[in-house]
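Chemist: my_file-v8.txt is reproduced in full below (compact mmCIF, C-alpha atoms).
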```txt
# COMPACT_ATOMS: atom_id res chain seq x y z
CA MET X 194 173.85 111.40 84.75
CA LYS X 195 172.91 107.85 83.77
CA ILE X 196 172.92 105.34 86.64
CA LEU X 197 172.69 101.59 86.09
CA GLY X 198 171.07 99.83 89.06
CA ILE X 199 171.66 96.10 89.41
CA ASP X 200 170.04 93.48 91.65
CA PRO X 201 172.40 90.48 91.43
CA GLY X 202 171.26 86.88 91.26
CA MET X 203 172.14 83.64 89.55
CA ALA X 204 168.67 82.89 88.18
CA ILE X 205 167.62 86.52 87.65
CA VAL X 206 169.69 89.71 87.46
CA GLY X 207 167.45 92.75 87.59
CA TYR X 208 168.73 95.90 85.92
CA ALA X 209 167.49 99.45 85.43
CA LEU X 210 168.96 102.54 83.84
CA ILE X 211 167.81 105.88 85.17
CA GLU X 212 168.79 109.37 84.11
CA VAL X 213 169.05 112.16 86.65
CA ILE X 214 168.71 115.72 85.39
CA ASP X 215 168.23 118.57 87.90
CA ASN X 216 166.94 116.17 90.58
CA ASN X 217 164.39 114.71 88.13
CA ILE X 218 164.64 110.95 87.70
CA ASN X 219 163.60 109.27 84.46
CA LEU X 220 163.57 105.53 83.89
CA LEU X 221 165.28 104.94 80.53
CA THR X 222 165.08 101.14 80.48
CA SER X 223 164.78 98.16 82.78
CA GLY X 224 164.65 94.43 82.52
CA SER X 225 166.24 91.21 83.62
CA ILE X 226 168.84 88.69 82.63
CA GLN X 227 167.38 85.25 83.28
CA THR X 228 169.49 82.12 83.19
CA ASP X 229 168.35 78.54 82.72
CA LYS X 230 168.55 76.56 85.97
CA LYS X 231 169.30 73.40 83.99
CA LEU X 232 172.64 74.80 82.77
CA ASP X 233 175.95 74.50 84.62
CA ASP X 234 176.78 77.50 86.79
CA SER X 235 179.73 78.38 84.54
CA LYS X 236 177.43 78.71 81.52
CA ARG X 237 174.95 80.78 83.53
CA LEU X 238 177.71 83.11 84.71
CA LEU X 239 178.95 83.50 81.15
CA GLU X 240 175.41 84.41 80.05
CA ILE X 241 175.25 87.10 82.76
CA TYR X 242 178.67 88.36 81.65
CA ASN X 243 177.71 88.53 77.97
CA ASP X 244 174.26 90.06 78.48
CA LEU X 245 175.47 92.68 80.96
CA SER X 246 178.36 93.51 78.63
CA GLN X 247 175.86 94.22 75.83
CA ILE X 248 173.71 96.37 78.14
CA THR X 249 176.75 98.32 79.33
CA GLU X 250 178.10 98.84 75.80
CA HIS X 251 174.71 99.95 74.48
CA TYR X 252 173.63 102.34 77.27
CA LYS X 253 177.05 103.57 78.45
CA PRO X 254 176.10 104.37 82.06
CA ASP X 255 178.08 107.01 83.94
CA CYS X 256 178.08 104.83 87.06
CA ALA X 257 176.45 101.75 88.53
CA SER X 258 174.94 100.84 91.86
CA VAL X 259 174.90 97.17 92.76
CA GLU X 260 173.11 95.59 95.69
CA GLN X 261 175.62 94.32 98.22
CA LEU X 262 175.17 90.89 99.76
CA PHE X 263 174.23 91.46 103.34
CA PHE X 264 172.45 88.49 104.86
CA PHE X 265 170.85 85.43 103.34
CA LYS X 266 168.39 83.13 105.06
CA ASN X 267 168.92 80.50 102.38
CA GLN X 268 172.49 79.24 102.66
CA LYS X 269 172.18 77.40 99.32
CA THR X 270 171.82 80.62 97.34
CA ILE X 271 174.52 82.82 98.85
CA ILE X 272 177.45 81.29 96.93
CA PRO X 273 175.81 81.43 93.46
CA VAL X 274 174.57 84.99 94.08
CA ALA X 275 178.06 86.02 95.24
CA GLU X 276 179.53 84.46 92.09
CA ALA X 277 177.01 86.34 89.91
CA ARG X 278 177.82 89.58 91.74
CA GLY X 279 181.51 88.98 91.05
CA VAL X 280 180.81 88.60 87.33
CA ILE X 281 178.70 91.79 87.40
CA LEU X 282 181.50 93.75 89.07
CA THR X 283 183.98 92.35 86.53
CA VAL X 284 181.87 93.58 83.60
CA LEU X 285 181.51 97.03 85.14
CA GLU X 286 185.26 97.22 85.75
CA LYS X 287 185.98 96.08 82.18
CA TYR X 288 183.97 99.05 80.88
CA SER X 289 185.44 101.45 83.48
CA VAL X 290 182.04 102.12 85.04
CA PRO X 291 182.46 103.50 88.60
CA THR X 292 180.55 101.18 90.90
CA TYR X 293 178.87 101.77 94.26
CA SER X 294 177.37 99.19 96.60
CA TYR X 295 174.35 99.45 98.87
CA THR X 296 172.87 96.91 101.25
CA PRO X 297 169.14 96.20 101.04
CA MET X 298 168.74 98.01 104.37
CA GLU X 299 170.51 101.12 103.03
CA VAL X 300 168.27 101.15 99.93
CA LYS X 301 165.14 100.88 102.09
CA GLN X 302 166.38 103.61 104.43
CA VAL X 303 167.09 106.02 101.58
CA LEU X 304 163.82 105.37 99.74
CA THR X 305 161.37 105.06 102.62
CA GLY X 306 163.16 106.49 105.66
CA TYR X 307 162.92 103.08 107.35
CA GLY X 308 165.59 100.38 106.90
CA ARG X 309 163.19 97.53 107.54
CA ALA X 310 160.48 98.62 105.10
CA ASP X 311 158.72 95.84 103.22
CA LYS X 312 158.73 95.31 99.46
CA LYS X 313 155.39 97.06 98.96
CA GLU X 314 156.61 100.22 100.71
CA VAL X 315 159.77 100.31 98.59
CA GLU X 316 157.74 99.66 95.44
CA GLN X 317 155.37 102.51 96.34
CA MET X 318 158.27 104.95 96.82
CA VAL X 319 159.80 103.88 93.50
CA LYS X 320 156.47 104.52 91.81
CA ILE X 321 156.15 107.96 93.45
CA THR X 322 159.74 108.84 92.49
CA LEU X 323 159.00 107.93 88.86
CA GLY X 324 155.89 110.10 88.83
CA GLY X 325 153.39 107.27 89.03
CA GLN X 326 154.84 105.40 86.05
CA GLU X 327 153.75 101.78 85.76
CA LEU X 328 156.42 99.52 87.25
CA PRO X 329 157.74 96.24 85.85
CA LYS X 330 156.12 93.08 87.22
CA LEU X 331 159.37 91.41 88.25
CA ASP X 332 160.52 92.22 91.81
CA ASP X 333 164.18 91.94 90.78
CA THR X 334 163.71 94.71 88.21
CA VAL X 335 161.87 96.96 90.67
CA ASP X 336 164.70 96.33 93.15
CA ALA X 337 167.22 97.41 90.49
CA ILE X 338 165.30 100.65 89.98
CA ALA X 339 165.31 101.22 93.76
CA ILE X 340 169.07 100.62 93.90
CA ALA X 341 169.66 103.15 91.12
CA ILE X 342 167.39 105.72 92.84
CA CYS X 343 169.26 105.11 96.10
CA HIS X 344 172.53 106.06 94.44
CA SER X 345 170.98 109.13 92.80
CA ARG X 346 169.99 110.40 96.23
CA SER X 347 173.53 109.93 97.56
CA LEU X 348 174.73 112.42 94.91
CA VAL X 349 172.64 115.28 96.30
```
Rewrite the structure of this file - the entire thing - as structure tokens.
Modeler:
Amino acid sequence: MKILGIDPGMAIVGYALIEVIDNNINLLTSGSIQTDKKLDDSKRLLEIYNDLSQITEHYKPDCASVEQLFFFKNQKTIIPVAEARGVILTVLEKYSVPTYSYTPMEVKQVLTGYGRADKKEVEQMVKITLGGQELPKLDDTVDAIAIAICHSRSLV
């Protein structure tokens, strides 16, 4: 089963595609969609739509797991992130990709056993799950891998 994990954002959308075979998890690809902050939000959302459409068409995931908005300290970012998440869900629906949502706390709980784990603990568990494979530098991409792994563990 191929699972597309997505960490939504307006500036950066992290994505990762994992394949699960007999409880073994392989990272097939990962990366980010980065939009120019100087552009209007509508153009940035269209860029997310177009890029994610290409990714979805090319990799044909069996399902997707998308981080759910749970709580934001920065009130200025919640609306743009929610708009980006809406575009992401629209693309996945367009391609008939079943979609599942997980809060950051749920992802941390599944990966580390502790819902308030810090980024380093989550990153370490992602690395262990992938057999020590070198992880991407971008936190958003690592988060997308974690979200995909979280969904893979809900299938067991």
Chemist: Tell me, as a PDB file with C-alpha atoms, in the frame of the given file, which residues lie within 8 Å of X:Arg309, counting only C-alpha atoms; anything in the same chain fewer than 4 positions away does not count.
Modeler:
```pdb
ATOM      1  CA  MET X 298     168.740  98.010 104.370  1.00  0.00           C
ATOM      2  CA  LYS X 301     165.140 100.880 102.090  1.00  0.00           C
ATOM      3  CA  GLN X 302     166.380 103.610 104.430  1.00  0.00           C
TER       4      GLN X 302
END
```
Chemist: Which neighbours of X:Ala257 fall inside 9 Å, counting all atoms listed in the file, when residues of the same chain fewer than 2 positions from it are skipped, and could you give them as a list in words?
Modeler: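 The filter keeps Lys195, Ile196, Leu197, Gly198, Ile199, Leu210, Pro254, Asp255, Val259, Leu285, Val290, Pro291, Thr292, Tyr293, Ser294, Ala341 and His344 of chain X.
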Chemist: Pull C-alpha atoms from the residues just selected and write them as an mmCIF file, keeping the file's coordinate frame.
Modeler:
```
data_model
loop_
_atom_site.group_PDB
_atom_site.id
_atom_site.type_symbol
_atom_site.label_atom_id
_atom_site.label_comp_id
_atom_site.auth_asym_id
_atom_site.auth_seq_id
_atom_site.Cartn_x
_atom_site.Cartn_y
_atom_site.Cartn_z
ATOM 1 C CA LYS X 195 172.910 107.850 83.770
ATOM 2 C CA ILE X 196 172.920 105.340 86.640
ATOM 3 C CA LEU X 197 172.690 101.590 86.090
ATOM 4 C CA GLY X 198 171.070 99.830 89.060
ATOM 5 C CA ILE X 199 171.660 96.100 89.410
ATOM 6 C CA LEU X 210 168.960 102.540 83.840
ATOM 7 C CA PRO X 254 176.100 104.370 82.060
ATOM 8 C CA ASP X 255 178.080 107.010 83.940
ATOM 9 C CA VAL X 259 174.900 97.170 92.760
ATOM 10 C CA LEU X 285 181.510 97.030 85.140
ATOM 11 C CA VAL X 290 182.040 102.120 85.040
ATOM 12 C CA PRO X 291 182.460 103.500 88.600
ATOM 13 C CA THR X 292 180.550 101.180 90.900
ATOM 14 C CA TYR X 293 178.870 101.770 94.260
ATOM 15 C CA SER X 294 177.370 99.190 96.600
ATOM 16 C CA ALA X 341 169.660 103.150 91.120
ATOM 17 C CA HIS X 344 172.530 106.060 94.440
#
```
Chemist: What is the distance, in Å and to one decimal place, between atom CA of X:Tyr307 and atom CA of X:Leu348?
Modeler: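 So the answer is 19.5 Å.
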Chemist: What's the separation between atom CA of X:Tyr252 and atom CA of X:Ser235, in Å to one decimal place?
Modeler: 25.8 Å
Chemist: Box in all listed atoms of stretch 233-246 of chain X, axis-aligned, with 6 Å more on each side; write out centre and edge lengths in Å to one decimal as JSON.
Modeler:
```
{"center_x": 177.0, "center_y": 84.0, "center_z": 82.4, "size_x": 17.5, "size_y": 31.0, "size_z": 20.8}
```
Chemist: Rank nothing, just name the residue among X:Asn243, X:Ser289, X:Thr270, X:Ser258 nearest to X:Ile211, using all atoms listed in the file.
Modeler: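 Closest residue, counting all atoms listed in the file: X:Ser258.
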Chemist: For X:Gly308, find every residue with an atom within 10 Å (counting only C-alpha atoms), except residues of its own chain fewer than 3 positions away, and show them as a list in words.
Modeler: Thr296, Pro297, Met298, Glu299, Val300, Lys301, Gln302, Val303, Leu304, Thr305 and Asp311 of chain X
Chemist: Pull C-alpha atoms from the residues just selected and write them as a PDB file, in the coordinates of the input.
Modeler:
```
ATOM      1  CA  THR X 296     172.870  96.910 101.250  1.00  0.00           C
ATOM      2  CA  PRO X 297     169.140  96.200 101.040  1.00  0.00           C
ATOM      3  CA  MET X 298     168.740  98.010 104.370  1.00  0.00           C
ATOM      4  CA  GLU X 299     170.510 101.120 103.030  1.00  0.00           C
ATOM      5  CA  VAL X 300     168.270 101.150  99.930  1.00  0.00           C
ATOM      6  CA  LYS X 301     165.140 100.880 102.090  1.00  0.00           C
ATOM      7  CA  GLN X 302     166.380 103.610 104.430  1.00  0.00           C
ATOM      8  CA  VAL X 303     167.090 106.020 101.580  1.00  0.00           C
ATOM      9  CA  LEU X 304     163.820 105.370  99.740  1.00  0.00           C
ATOM     10  CA  THR X 305     161.370 105.060 102.620  1.00  0.00           C
ATOM     11  CA  ASP X 311     158.720  95.840 103.220  1.00  0.00           C
TER      12      ASP X 311
END
```
Chemist: Which residue out of X:Cys256, X:Leu232, X:Val206, X:Ile218 has the minimum interatomic distance to X:Val274 when only C-alpha atoms are used?
Modeler: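 Between X:Cys256, X:Leu232, X:Val206, X:Ile218, the residue approaching X:Val274 most closely is X:Val206.
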Chemist: From the options X:Val335, X:Leu238, X:Ile271, X:Leu323, which residue's atoms come nearest to X:Val213, counting all atoms listed in the file?
Modeler: X:Leu323
Chemist: Export stretch 205-348 of chain X of the preceding structure, keeping C-alpha atoms, as a compact mmCIF listing (two decimals), in the first residue's frame.
Modeler:
```txt
# COMPACT_ATOMS: atom_id res chain seq x y z
CA ILE X 205 5.73 25.03 2.66
CA VAL X 206 3.73 21.84 2.11
CA GLY X 207 5.75 18.82 3.14
CA TYR X 208 4.94 15.54 1.43
CA ALA X 209 6.18 11.96 1.60
CA LEU X 210 5.17 8.75 -0.10
CA ILE X 211 5.78 5.53 1.77
CA GLU X 212 5.07 1.96 0.75
CA VAL X 213 3.99 -0.60 3.30
CA ILE X 214 4.61 -4.26 2.49
CA ASP X 215 4.24 -6.89 5.24
CA ASN X 216 4.73 -4.28 7.99
CA ASN X 217 7.93 -3.03 6.31
CA ILE X 218 7.92 0.68 5.52
CA ASN X 219 9.93 2.08 2.63
CA LEU X 220 10.22 5.77 1.80
CA LEU X 221 9.61 6.08 -1.95
CA THR X 222 9.91 9.85 -2.24
CA SER X 223 9.59 13.02 -0.20
CA GLY X 224 9.89 16.72 -0.70
CA SER X 225 8.13 20.02 -0.39
CA ILE X 226 6.00 22.45 -2.31
CA GLN X 227 7.30 25.94 -1.52
CA THR X 228 5.40 29.05 -2.49
CA ASP X 229 6.71 32.58 -2.87
CA LYS X 230 5.60 34.81 0.00
CA LYS X 231 5.56 37.80 -2.35
CA LEU X 232 2.70 36.31 -4.41
CA ASP X 233 -1.00 36.77 -3.67
CA ASP X 234 -2.52 33.95 -1.61
CA SER X 235 -4.69 32.90 -4.56
CA LYS X 236 -1.59 32.32 -6.72
CA ARG X 237 0.12 30.41 -3.90
CA LEU X 238 -2.92 28.19 -3.43
CA LEU X 239 -3.05 27.51 -7.15
CA GLU X 240 0.62 26.51 -7.07
CA ILE X 241 -0.11 24.06 -4.23
CA TYR X 242 -3.07 22.71 -6.21
CA ASN X 243 -1.06 22.24 -9.41
CA ASP X 244 2.04 20.75 -7.76
CA LEU X 245 0.08 18.34 -5.57
CA SER X 246 -2.01 17.32 -8.58
CA GLN X 247 1.20 16.39 -10.43
CA ILE X 248 2.50 14.43 -7.43
CA THR X 249 -0.80 12.59 -7.05
CA GLU X 250 -1.05 11.79 -10.77
CA HIS X 251 2.54 10.56 -10.92
CA TYR X 252 2.68 8.41 -7.76
CA LYS X 253 -0.96 7.28 -7.57
CA PRO X 254 -1.16 6.79 -3.79
CA ASP X 255 -3.68 4.32 -2.38
CA CYS X 256 -4.55 6.75 0.41
CA ALA X 257 -3.35 9.93 2.05
CA SER X 258 -2.89 11.12 5.60
CA VAL X 259 -3.02 14.85 6.18
CA GLU X 260 -2.15 16.66 9.37
CA GLN X 261 -5.26 18.14 10.93
CA LEU X 262 -5.20 21.69 12.25
CA PHE X 263 -5.39 21.41 15.99
CA PHE X 264 -4.07 24.50 17.73
CA PHE X 265 -2.01 27.42 16.53
CA LYS X 266 -0.12 29.85 18.72
CA ASN X 267 0.25 32.25 15.81
CA GLN X 268 -3.21 33.53 14.90
CA LYS X 269 -1.87 35.09 11.68
CA THR X 270 -1.02 31.72 10.15
CA ILE X 271 -4.10 29.66 10.95
CA ILE X 272 -6.28 31.02 8.13
CA PRO X 273 -3.69 30.59 5.33
CA VAL X 274 -2.78 27.10 6.58
CA ALA X 275 -6.48 26.17 6.71
CA GLU X 276 -6.91 27.47 3.15
CA ALA X 277 -3.90 25.40 1.98
CA ARG X 278 -5.30 22.33 3.74
CA GLY X 279 -8.60 22.87 1.92
CA VAL X 280 -6.81 22.95 -1.43
CA ILE X 281 -4.91 19.77 -0.48
CA LEU X 282 -8.13 17.96 0.42
CA THR X 283 -9.70 19.15 -2.84
CA VAL X 284 -6.84 17.68 -4.91
CA LEU X 285 -7.05 14.36 -3.06
CA GLU X 286 -10.82 14.23 -3.59
CA LYS X 287 -10.40 15.07 -7.28
CA TYR X 288 -8.18 12.00 -7.69
CA SER X 289 -10.41 9.83 -5.47
CA VAL X 290 -7.66 9.28 -2.91
CA PRO X 291 -9.15 8.20 0.45
CA THR X 292 -7.96 10.71 3.03
CA TYR X 293 -7.37 10.40 6.77
CA SER X 294 -6.58 13.16 9.25
CA TYR X 295 -4.38 13.08 12.33
CA THR X 296 -3.61 15.81 14.84
CA PRO X 297 0.03 16.49 15.71
CA MET X 298 -0.63 14.97 19.13
CA GLU X 299 -1.99 11.75 17.57
CA VAL X 300 1.06 11.47 15.30
CA LYS X 301 3.41 11.91 18.26
CA GLN X 302 1.46 9.39 20.33
CA VAL X 303 1.57 6.75 17.60
CA LEU X 304 5.26 7.24 16.78
CA THR X 305 6.74 7.78 20.23
CA GLY X 306 4.09 6.62 22.70
CA TYR X 307 3.90 10.15 24.10
CA GLY X 308 1.56 12.81 22.66
CA ARG X 309 3.73 15.70 23.77
CA ALA X 310 7.01 14.41 22.34
CA ASP X 311 9.33 17.02 20.87
CA LYS X 312 10.45 17.24 17.25
CA LYS X 313 13.74 15.45 17.91
CA GLU X 314 11.97 12.44 19.46
CA VAL X 315 9.59 12.18 16.50
CA GLU X 316 12.49 12.56 14.06
CA GLN X 317 14.41 9.80 15.85
CA MET X 318 11.43 7.41 15.63
CA VAL X 319 10.99 8.21 11.93
CA LYS X 320 14.66 7.42 11.37
CA ILE X 321 14.38 4.13 13.30
CA THR X 322 11.22 3.17 11.38
CA LEU X 323 13.03 3.78 8.08
CA GLY X 324 15.96 1.61 9.15
CA GLY X 325 18.35 4.45 9.87
CA GLN X 326 17.91 6.06 6.46
CA GLU X 327 19.13 9.65 6.22
CA LEU X 328 16.19 12.03 6.66
CA PRO X 329 15.44 15.18 4.68
CA LYS X 330 16.66 18.44 6.22
CA LEU X 331 13.30 20.20 6.09
CA ASP X 332 11.11 19.69 9.19
CA ASP X 333 7.94 19.88 7.09
CA THR X 334 9.08 16.91 5.01
CA VAL X 335 10.04 14.86 8.08
CA ASP X 336 6.62 15.70 9.54
CA ALA X 337 4.97 14.41 6.34
CA ILE X 338 6.88 11.13 6.69
CA ALA X 339 5.73 10.88 10.32
CA ILE X 340 2.11 11.50 9.28
CA ALA X 341 2.32 8.74 6.66
CA ILE X 342 3.90 6.33 9.18
CA CYS X 343 1.16 7.21 11.67
CA HIS X 344 -1.49 6.12 9.18
CA SER X 345 0.39 2.92 8.33
CA ARG X 346 0.28 1.94 11.99
CA SER X 347 -3.48 2.52 12.15
CA LEU X 348 -3.90 -0.17 9.48
```
